[in-house]
file start-v2.cif (mmCIF, C-alpha atoms)
data_run
#
loop_
_atom_site.label_atom_id
_atom_site.label_comp_id
_atom_site.auth_asym_id
_atom_site.auth_seq_id
_atom_site.Cartn_x
_atom_site.Cartn_y
_atom_site.Cartn_z
CA MET A 1 87.38 96.21 114.88
CA ARG A 2 84.05 96.51 113.09
CA ALA A 3 83.08 98.66 110.09
CA PHE A 4 79.50 99.60 109.24
CA VAL A 5 78.99 100.01 105.49
CA PHE A 6 76.11 101.40 103.45
CA PRO A 7 74.97 100.39 99.93
CA GLY A 8 74.64 102.53 96.81
CA GLN A 9 72.25 102.83 93.90
CA GLY A 10 70.87 99.62 92.48
CA SER A 11 69.92 98.17 95.88
CA GLN A 12 66.43 99.70 95.74
CA LYS A 13 63.34 97.53 95.29
CA VAL A 14 59.60 97.98 95.79
CA GLY A 15 58.68 96.98 99.32
CA MET A 16 61.98 98.12 100.81
CA GLY A 17 61.64 99.07 104.45
CA ALA A 18 57.99 97.99 104.67
CA GLU A 19 58.56 95.02 106.97
CA LEU A 20 60.76 97.10 109.24
CA ALA A 21 58.29 100.00 109.35
CA ASP A 22 55.43 97.63 110.21
CA ALA A 23 57.45 96.15 113.08
CA SER A 24 59.12 99.29 114.44
CA ASP A 25 57.98 102.78 115.43
CA THR A 26 61.62 103.88 115.20
CA ALA A 27 61.88 102.85 111.56
CA ARG A 28 58.54 104.41 110.73
CA GLU A 29 59.68 107.71 112.25
CA VAL A 30 62.75 107.74 109.99
CA PHE A 31 60.62 107.31 106.87
CA GLU A 32 58.20 110.02 108.04
CA GLU A 33 61.06 112.43 108.71
CA VAL A 34 62.46 111.88 105.21
CA ASP A 35 59.00 112.38 103.71
CA ASP A 36 58.68 115.67 105.59
CA ALA A 37 62.17 116.85 104.58
CA LEU A 38 61.43 116.21 100.90
CA SER A 39 57.76 117.28 100.99
CA GLN A 40 57.10 113.99 99.21
CA ASN A 41 55.52 110.65 100.09
CA LEU A 42 58.73 108.78 99.30
CA SER A 43 57.89 106.05 101.82
CA THR A 44 54.74 105.21 99.82
CA ILE A 45 56.79 104.88 96.63
CA MET A 46 59.23 102.65 98.51
CA ARG A 47 56.44 100.47 99.81
CA GLU A 48 54.11 100.36 96.80
CA GLY A 49 56.04 101.55 93.75
CA PRO A 50 55.66 101.74 90.85
CA VAL A 51 59.16 100.45 90.27
CA GLU A 52 59.75 102.98 87.48
CA GLU A 53 59.19 105.83 89.94
CA LEU A 54 61.34 104.29 92.68
CA THR A 55 64.17 103.69 90.19
CA LEU A 56 64.33 107.39 89.24
CA THR A 57 67.71 108.57 90.52
CA ALA A 58 66.20 111.44 92.52
CA ASN A 59 63.97 108.94 94.38
CA ALA A 60 66.28 105.94 94.60
CA GLN A 61 69.11 107.83 96.30
CA PRO A 62 67.18 109.19 99.32
CA ALA A 63 65.14 105.95 99.50
CA ILE A 64 68.23 103.75 99.85
CA MET A 65 69.62 106.11 102.46
CA ALA A 66 66.35 106.18 104.43
CA ASN A 67 66.13 102.39 104.44
CA ALA A 68 69.69 101.99 105.75
CA ILE A 69 69.32 104.69 108.42
CA ALA A 70 66.02 103.20 109.57
CA THR A 71 67.76 99.84 109.99
CA LEU A 72 70.59 101.46 111.94
CA ARG A 73 68.25 103.49 114.16
CA VAL A 74 66.34 100.34 115.13
CA LEU A 75 69.63 98.70 116.14
CA GLU A 76 70.63 101.77 118.13
CA GLN A 77 67.34 102.64 119.82
CA GLU A 78 65.37 99.41 120.13
CA PHE A 79 68.28 97.02 120.66
CA ASP A 80 70.35 99.62 122.56
CA TYR A 81 73.54 99.33 120.50
CA PRO A 82 74.75 102.87 119.67
CA LEU A 83 76.93 102.92 116.58
CA ALA A 84 79.75 104.74 118.39
CA ASP A 85 79.93 101.88 120.91
CA ILE A 86 79.95 98.96 118.49
CA GLY A 87 81.62 100.38 115.36
CA SER A 88 85.18 101.45 114.62
CA CYS A 89 84.57 103.23 111.30
CA VAL A 90 82.07 103.62 108.45
CA ALA A 91 82.07 103.66 104.67
CA GLY A 92 79.50 103.82 101.90
CA HIS A 93 79.39 103.00 98.20
CA SER A 94 78.69 106.16 96.16
CA LEU A 95 75.46 107.64 97.64
CA GLY A 96 76.11 105.32 100.59
CA GLU A 97 78.89 107.69 101.63
CA TYR A 98 76.17 110.25 102.47
CA THR A 99 74.31 107.57 104.46
CA ALA A 100 77.52 106.83 106.36
CA LEU A 101 77.94 110.53 107.18
CA CYS A 102 74.37 110.68 108.46
CA ALA A 103 75.04 107.57 110.55
CA VAL A 104 78.00 109.21 112.32
CA GLY A 105 76.22 112.52 112.87
CA ALA A 106 77.98 114.69 110.29
CA PHE A 107 74.68 115.47 108.54
CA SER A 108 71.17 115.41 109.94
CA LEU A 109 68.70 112.95 108.44
CA ALA A 110 66.71 115.80 106.85
CA ASP A 111 69.81 117.43 105.34
CA THR A 112 71.04 114.08 104.02
CA ALA A 113 67.69 113.41 102.35
CA ARG A 114 67.67 116.85 100.72
CA LEU A 115 71.29 116.55 99.56
CA LEU A 116 70.63 113.17 97.98
CA LYS A 117 67.45 114.36 96.29
CA LEU A 118 69.44 117.22 94.77
CA ARG A 119 72.33 114.90 93.91
CA GLY A 120 69.97 112.60 92.04
CA GLN A 121 68.33 115.47 90.18
CA ALA A 122 71.70 117.04 89.30
CA MET A 123 73.16 113.77 88.06
CA GLN A 124 70.12 113.14 85.88
CA ALA A 125 70.22 116.66 84.45
CA ALA A 126 73.98 116.68 83.80
CA VAL A 127 73.80 114.55 80.65
CA PRO A 128 70.85 114.23 78.22
CA VAL A 129 69.23 110.80 78.28
CA GLY A 130 70.88 108.52 75.75
CA VAL A 131 74.15 110.47 75.58
CA GLY A 132 75.82 108.55 78.40
CA ALA A 133 75.94 104.93 79.54
CA MET A 134 77.68 102.51 81.89
CA CYS A 135 78.75 98.88 81.69
CA ALA A 136 79.96 96.29 84.18
CA LEU A 137 83.06 94.28 83.33
CA LEU A 138 83.08 90.79 84.82
CA GLY A 139 86.38 89.01 85.21
CA ALA A 140 88.27 92.30 85.00
CA ASP A 141 90.69 93.94 87.38
CA VAL A 142 91.20 97.71 87.30
CA GLU A 143 94.32 97.52 85.10
CA LYS A 144 92.51 95.55 82.39
CA ALA A 145 89.53 97.89 82.67
CA GLN A 146 91.69 100.99 82.25
CA ALA A 147 93.35 99.53 79.15
CA LEU A 148 89.94 98.69 77.69
CA ALA A 149 88.59 102.17 78.46
CA ALA A 150 91.56 103.81 76.73
CA ALA A 151 91.09 101.63 73.66
CA ALA A 152 87.33 102.26 73.46
CA ALA A 153 87.38 106.02 74.05
CA GLU A 154 88.37 107.21 70.54
CA GLY A 155 88.18 110.83 71.66
CA GLU A 156 85.07 110.36 73.77
CA VAL A 157 84.76 109.87 77.53
CA CYS A 158 85.24 106.28 78.71
CA GLU A 159 86.47 106.01 82.30
CA VAL A 160 86.61 103.60 85.21
CA ALA A 161 83.70 104.58 87.47
CA ASN A 162 83.70 101.84 90.11
CA ASP A 163 86.49 99.52 91.20
CA ASN A 164 84.14 97.23 93.11
CA ASP A 165 86.13 94.06 93.72
CA PRO A 166 88.86 91.98 92.04
CA THR A 167 86.37 90.58 89.50
CA GLN A 168 84.07 93.54 88.80
CA VAL A 169 84.86 96.99 87.45
CA VAL A 170 82.35 99.48 86.01
CA LEU A 171 83.00 101.86 83.09
CA SER A 172 81.13 105.11 82.47
CA GLY A 173 81.09 107.61 79.63
CA HIS A 174 79.60 108.40 76.22
CA THR A 175 77.16 105.76 74.97
CA ALA A 176 79.11 104.95 71.80
CA ALA A 177 82.35 104.53 73.76
CA ILE A 178 80.70 102.21 76.28
CA GLU A 179 79.24 100.16 73.42
CA ARG A 180 82.72 99.91 71.89
CA ALA A 181 84.10 98.79 75.24
CA VAL A 182 81.53 96.00 75.52
CA GLY A 183 82.49 94.85 72.04
CA LEU A 184 86.20 94.78 72.87
CA VAL A 185 86.13 92.83 76.14
CA LYS A 186 87.43 89.53 74.75
CA GLU A 187 90.40 91.25 73.11
CA HIS A 188 91.40 92.55 76.53
CA GLY A 189 91.11 89.24 78.33
CA ILE A 190 87.88 90.18 80.10
CA LYS A 191 85.18 87.57 80.58
CA ARG A 192 82.11 89.69 79.86
CA GLY A 193 80.81 93.23 79.45
CA ILE A 194 77.23 93.98 80.49
CA PRO A 195 75.45 97.29 79.69
CA LEU A 196 73.83 98.61 82.87
CA PRO A 197 70.21 99.87 83.02
CA VAL A 198 71.13 103.33 84.30
CA SER A 199 69.74 106.72 83.34
CA ALA A 200 73.06 108.59 83.39
CA PRO A 201 76.84 107.98 83.23
CA PHE A 202 77.71 108.26 86.92
CA HIS A 203 81.22 108.82 88.32
CA CYS A 204 82.89 110.12 85.18
CA SER A 205 83.90 113.56 83.91
CA LEU A 206 80.55 114.01 82.12
CA MET A 207 79.07 114.55 85.60
CA GLN A 208 80.90 117.87 86.12
CA PRO A 209 77.67 119.95 86.06
CA ALA A 210 76.35 117.76 88.89
CA ALA A 211 79.60 118.21 90.81
CA ASP A 212 79.21 121.98 90.50
CA ALA A 213 75.64 121.76 91.83
CA MET A 214 76.74 119.64 94.78
CA ALA A 215 79.63 122.00 95.55
CA GLU A 216 77.11 124.81 95.91
CA ALA A 217 74.70 122.77 98.04
CA LEU A 218 77.42 121.35 100.28
CA ALA A 219 78.90 124.82 100.82
CA GLU A 220 75.61 125.72 102.50
CA THR A 221 75.51 122.54 104.63
CA THR A 222 78.09 122.62 107.41
CA PRO A 223 78.91 119.11 108.67
CA GLU A 224 79.17 118.39 112.39
CA SER A 225 82.01 116.40 113.94
CA MET A 226 81.87 112.67 113.18
CA LEU A 227 81.35 110.03 115.86
CA LEU A 228 83.54 107.62 113.88
CA PRO A 229 86.01 108.06 110.99
CA ILE A 230 84.90 107.42 107.42
CA TYR A 231 86.78 105.87 104.53
CA ALA A 232 86.19 108.09 101.50
CA ASN A 233 85.32 106.73 98.04
CA VAL A 234 87.74 108.88 96.06
CA THR A 235 90.79 108.48 98.30
CA ALA A 236 90.17 105.00 99.78
CA SER A 237 91.62 106.41 103.00
CA ARG A 238 90.47 107.23 106.51
CA ILE A 239 89.03 110.72 106.99
CA ASP A 240 88.44 112.26 110.43
CA ASP A 241 87.86 115.89 109.41
CA PRO A 242 84.25 116.58 108.31
CA SER A 243 85.31 119.62 106.26
CA GLU A 244 87.79 117.52 104.28
CA GLU A 245 85.13 114.89 103.74
CA ARG A 246 82.69 117.53 102.47
CA SER A 247 85.14 118.55 99.71
CA LEU A 248 85.69 114.90 98.81
CA LEU A 249 81.93 114.49 98.28
CA VAL A 250 82.20 117.03 95.45
CA GLU A 251 85.08 115.11 93.86
CA GLN A 252 83.10 111.89 94.28
CA VAL A 253 80.48 112.94 91.70
CA THR A 254 83.00 112.72 88.85
CA GLY A 255 85.57 110.52 90.60
CA ARG A 256 86.07 106.79 90.81
CA VAL A 257 84.44 104.80 93.61
CA ARG A 258 87.50 102.99 94.96
CA TRP A 259 85.56 100.40 96.91
CA ARG A 260 88.04 97.52 96.60
CA GLU A 261 90.85 99.74 97.85
CA SER A 262 88.66 101.14 100.63
CA VAL A 263 87.94 97.66 101.97
CA LEU A 264 91.64 96.74 101.79
CA ALA A 265 92.52 99.97 103.62
CA MET A 266 90.04 99.17 106.39
CA ARG A 267 91.41 95.66 106.66
CA ALA A 268 94.98 97.00 106.82
CA ASP A 269 93.90 99.32 109.65
CA GLY A 270 92.60 96.38 111.67
CA VAL A 271 88.94 95.97 110.66
CA GLU A 272 87.96 92.33 110.99
CA SER A 273 84.20 92.41 110.44
CA PHE A 274 81.87 94.40 108.17
CA VAL A 275 78.17 95.01 108.76
CA GLU A 276 76.14 96.14 105.73
CA MET A 277 73.03 98.05 106.77
CA GLY A 278 69.95 98.06 104.57
CA GLY A 279 71.25 95.92 101.72
CA LYS A 280 72.94 92.73 100.59
CA VAL A 281 75.11 94.15 97.82
CA LEU A 282 78.37 95.17 99.46
CA GLY A 283 78.71 91.99 101.51
CA PRO A 284 79.44 89.73 98.53
CA MET A 285 81.89 92.31 97.15
CA ILE A 286 83.76 92.40 100.45
CA GLY A 287 83.88 88.61 100.45
CA ARG A 288 85.52 88.62 97.03
CA ILE A 289 87.99 91.32 98.10
CA ASP A 290 89.10 89.46 101.23
CA ARG A 291 87.83 85.97 102.01
CA GLU A 292 89.06 86.26 105.60
CA ALA A 293 86.80 89.24 106.36
CA GLN A 294 83.65 88.55 108.37
CA VAL A 295 80.57 89.95 106.65
CA THR A 296 77.00 90.42 107.88
CA SER A 297 74.19 91.97 105.81
CA VAL A 298 71.21 93.37 107.72
CA ILE A 299 67.82 94.22 106.21
CA THR A 300 64.99 92.70 108.27
CA MET A 301 64.06 92.69 111.95
CA GLU A 302 65.16 89.04 111.99
CA ASP A 303 68.57 90.10 110.67
CA LEU A 304 68.78 92.76 113.40
CA GLU A 305 67.93 90.23 116.09
CA ALA A 306 70.66 87.91 114.79
CA LEU A 307 73.18 90.77 114.74
CA ALA A 308 72.25 91.83 118.28
CA ARG A 309 72.94 88.29 119.51
CA GLU A 310 76.45 88.53 118.04
CA LEU A 311 77.30 91.94 119.47
#
call {"tool": "encode", "arguments": {"input": "start-v2.cif", "output": "structure tokens"}}
result
Amino acid sequence: MRAFVFPGQGSQKVGMGAELADASDTAREVFEEVDDALSQNLSTIMREGPVEELTLTANAQPAIMANAIATLRVLEQEFDYPLADIGSCVAGHSLGEYTALCAVGAFSLADTARLLKLRGQAMQAAVPVGVGAMCALLGADVEKAQALAAAAAEGEVCEVANDNDPTQVVLSGHTAAIERAVGLVKEHGIKRGIPLPVSAPFHCSLMQPAADAMAEALAETTPESMLLPIYANVTASRIDDPSEERSLLVEQVTGRVRWRESVLAMRADGVESFVEMGGKVLGPMIGRIDREAQVTSVITMEDLEALAREL
């Protein structure tokens, strides 16, 4: 069994998708469709920057999605490997869950782009700049991270946002609480705490205004049936019902990204290989979660050609 997985925020970089667009009409059409849906030249920002503009949450989220879908569409249309024929399930990390839903036909490309633009704007607006922060804990499992978060909170929000792999957990919450957490890592047997260069405290209860905005937007966007099941971030379990998945997307805004558990659930259900589309972020995480899992990361046309030879 093979899972196709899609990266989240942080995988963006200037020049993303340019090589693929230059080599493929299919990829170029994806970027043009996203531009049209957003009434914005996002593809130009992706190709040329500036990096500060690409990194803005409202740009980064649809850009990462567009890049991954363009990669997938080239595999499907130019190499003639439809996802439904070669995949068993899908999953995505945070915004990547929307990409995964687009990949399996639950949302159209245009709707996915608009939802992610709104999601980025709502997340940015939910908390004033400087009020919230995030940090990565290296050498921490989720139990150690939870104990640290509880000790650092002191009446403020400090929560586990991402359980990425057995050695990396991310905390999110009020800036002062996150700073306290970084200062307390050694006392909790954690190797290192690194403040993250993010503009908002994602995946914690401070994001409730963004969750409310997404609930409203998703209520107006009816998902179609899915070609393949998806493993949801907040439950780390297989979902076949698009309506159930739509409600989980609302919970996901404030909820923990249970990526480690999602990978283990897919492995337990028989997935042997993972293909990361449009990034090389999730692959190393999956390798740390389960060394026996086969992992391929696909970004360039050369990567696609290599994958096609394996299929």
call {"tool": "closest_residue", "arguments": {"input": "start-v2.cif", "among": "A:Ile299, A:Val263, A:Ala145, A:Val185", "to": "Gly287 of chain A", "atoms": "only C-alpha atoms"}}
result
A:Val263
call {"tool": "closest_atom_pairs", "arguments": {"input": "start-v2.cif", "of": "segment 10-105 of chain A", "to": "segment 117-122 of chain A", "cutoff": "10 Å", "atoms": "all atoms listed in the file", "output": "CSV"}}
result
residue,atom,partner,partner_atom,distance
A:Leu38,CA,A:Lys117,CA,7.8
A:Leu56,CA,A:Gly120,CA,8.2
A:Thr57,CA,A:Gly120,CA,4.9
A:Ala58,CA,A:Gly120,CA,4.0
A:Asn59,CA,A:Lys117,CA,6.7
A:Ala60,CA,A:Gly120,CA,8.0
A:Gln61,CA,A:Gly120,CA,6.5
A:Pro62,CA,A:Lys117,CA,6.0
A:Ala63,CA,A:Lys117,CA,9.3
A:Leu95,CA,A:Arg119,CA,8.7
call {"tool": "resolve_selection", "arguments": {"input": "start-v2.cif", "expression": "the PyMOL selection byres ((chain A and resi 302) around 12)", "output": "VMD selection string"}}
result
chain A and resid 19 to 20 23 71 74 to 75 297 to 301 303 to 309
call {"tool": "atom_distance", "arguments": {"input": "start-v2.cif", "atom1": "atom CA of Met16 of chain A", "atom2": "atom CA of Arg47 of chain A"}}
result
6.1 Å
call {"tool": "closest_residue", "arguments": {"input": "start-v2.cif", "among": "A:Ser237, A:Ser205, A:Gln77, A:Gln252", "to": "Gly173 of chain A", "atoms": "all atoms listed in the file"}}
result
A:Ser205
call {"tool": "residues_around", "arguments": {"input": "start-v2.cif", "residues": "Val90 of chain A", "least_positions_apart": "5", "cutoff": "8 Å", "atoms": "all atoms listed in the file", "output": "JSON, numbers by chain"}}
result
{"A": [3, 4, 5, 100, 104, 228, 229, 230, 231]}
call {"tool": "resolve_selection", "arguments": {"input": "start-v2.cif", "expression": "the PyMOL selection byres ((chain A and resi 223) around 6)", "output": "MDAnalysis selection string"}}
result
chainID A and resid 106:107 222 224 242
call {"tool": "residues_around", "arguments": {"input": "start-v2.cif", "residues": "segment 123-130 of chain A", "least_positions_apart": "4", "cutoff": "8 Å", "atoms": "only C-alpha atoms", "output": "PyMOL selection string"}}
result
chain A and resi 57-58+119+175+199-202+206-210
call {"tool": "atom_distance", "arguments": {"input": "start-v2.cif", "atom1": "atom CA of Glu52 of chain A", "atom2": "atom CA of Val30 of chain A"}}
result
23.2 Å
call {"tool": "resolve_selection", "arguments": {"input": "start-v2.cif", "expression": "the PyMOL selection byres ((chain A and resi 152) around 6)", "output": "VMD selection string"}}
result
chain A and resid 149 to 151 153 to 154 177 180 to 181
call {"tool": "residues_around", "arguments": {"input": "start-v2.cif", "residues": "Ala232 of chain A", "least_positions_apart": "4", "cutoff": "9 Å", "atoms": "all atoms listed in the file", "output": "ChimeraX atom specification"}}
result
/A:91-92,97,236-239,245,248-249,252,257-259,262
call {"tool": "write_last_selection", "arguments": {"input": "start-v2.cif", "atoms": "C-alpha atoms", "output": "PDB file, keeping the file's coordinate frame"}}
result
ATOM      1  CA  ALA A  91      82.070 103.660 104.670  1.00  0.00           C
ATOM      2  CA  GLY A  92      79.500 103.820 101.900  1.00  0.00           C
ATOM      3  CA  GLU A  97      78.890 107.690 101.630  1.00  0.00           C
ATOM      4  CA  ALA A 236      90.170 105.000  99.780  1.00  0.00           C
ATOM      5  CA  SER A 237      91.620 106.410 103.000  1.00  0.00           C
ATOM      6  CA  ARG A 238      90.470 107.230 106.510  1.00  0.00           C
ATOM      7  CA  ILE A 239      89.030 110.720 106.990  1.00  0.00           C
ATOM      8  CA  GLU A 245      85.130 114.890 103.740  1.00  0.00           C
ATOM      9  CA  LEU A 248      85.690 114.900  98.810  1.00  0.00           C
ATOM     10  CA  LEU A 249      81.930 114.490  98.280  1.00  0.00           C
ATOM     11  CA  GLN A 252      83.100 111.890  94.280  1.00  0.00           C
ATOM     12  CA  VAL A 257      84.440 104.800  93.610  1.00  0.00           C
ATOM     13  CA  ARG A 258      87.500 102.990  94.960  1.00  0.00           C
ATOM     14  CA  TRP A 259      85.560 100.400  96.910  1.00  0.00           C
ATOM     15  CA  SER A 262      88.660 101.140 100.630  1.00  0.00           C
TER      16      SER A 262
END
call {"tool": "residues_around", "arguments": {"input": "start-v2.cif", "residues": "Ala37 of chain A", "least_positions_apart": "3", "cutoff": "9 Å", "atoms": "all atoms listed in the file", "output": "list in words"}}
result
Glu32, Glu33, Val34, Gln40, Leu109, Ala110, Asp111, Ala113 and Arg114 of chain A
call {"tool": "build_atoms", "arguments": {"input": "start-v2.cif", "residues": "segment 175-187 of chain A", "atoms": "N, CA and C atoms", "output": "mmCIF file, in the coordinates of the input"}}
result
data_model
loop_
_atom_site.group_PDB
_atom_site.id
_atom_site.type_symbol
_atom_site.label_atom_id
_atom_site.label_comp_id
_atom_site.auth_asym_id
_atom_site.auth_seq_id
_atom_site.Cartn_x
_atom_site.Cartn_y
_atom_site.Cartn_z
ATOM 1 N N THR A 175 77.823 107.012 75.335
ATOM 2 C CA THR A 175 77.160 105.760 74.970
ATOM 3 C C THR A 175 77.949 104.983 73.928
ATOM 4 N N ALA A 176 78.398 105.645 72.875
ATOM 5 C CA ALA A 176 79.110 104.950 71.800
ATOM 6 C C ALA A 176 80.413 104.338 72.326
ATOM 7 N N ALA A 177 81.098 105.046 73.205
ATOM 8 C CA ALA A 177 82.350 104.530 73.760
ATOM 9 C C ALA A 177 82.101 103.317 74.645
ATOM 10 N N ILE A 178 81.040 103.357 75.424
ATOM 11 C CA ILE A 178 80.700 102.210 76.280
ATOM 12 C C ILE A 178 80.313 101.014 75.416
ATOM 13 N N GLU A 179 79.595 101.259 74.339
ATOM 14 C CA GLU A 179 79.240 100.160 73.420
ATOM 15 C C GLU A 179 80.485 99.557 72.787
ATOM 16 N N ARG A 180 81.449 100.422 72.429
ATOM 17 C CA ARG A 180 82.720 99.910 71.890
ATOM 18 C C ARG A 180 83.444 99.066 72.929
ATOM 19 N N ALA A 181 83.417 99.526 74.168
ATOM 20 C CA ALA A 181 84.100 98.790 75.240
ATOM 21 C C ALA A 181 83.506 97.393 75.410
ATOM 22 N N VAL A 182 82.181 97.308 75.391
ATOM 23 C CA VAL A 182 81.530 96.000 75.520
ATOM 24 C C VAL A 182 81.951 95.076 74.378
ATOM 25 N N GLY A 183 82.096 95.642 73.194
ATOM 26 C CA GLY A 183 82.490 94.850 72.040
ATOM 27 C C GLY A 183 83.948 94.413 72.041
ATOM 28 N N LEU A 184 84.762 95.060 72.862
ATOM 29 C CA LEU A 184 86.200 94.780 72.870
ATOM 30 C C LEU A 184 86.660 93.943 74.059
ATOM 31 N N VAL A 185 85.727 93.481 74.884
ATOM 32 C CA VAL A 185 86.130 92.830 76.140
ATOM 33 C C VAL A 185 87.021 91.610 75.919
ATOM 34 N N LYS A 186 86.665 90.769 74.955
ATOM 35 C CA LYS A 186 87.430 89.530 74.750
ATOM 36 C C LYS A 186 88.860 89.830 74.349
ATOM 37 N N GLU A 187 89.058 90.876 73.533
ATOM 38 C CA GLU A 187 90.400 91.250 73.110
ATOM 39 C C GLU A 187 91.283 91.676 74.274
#
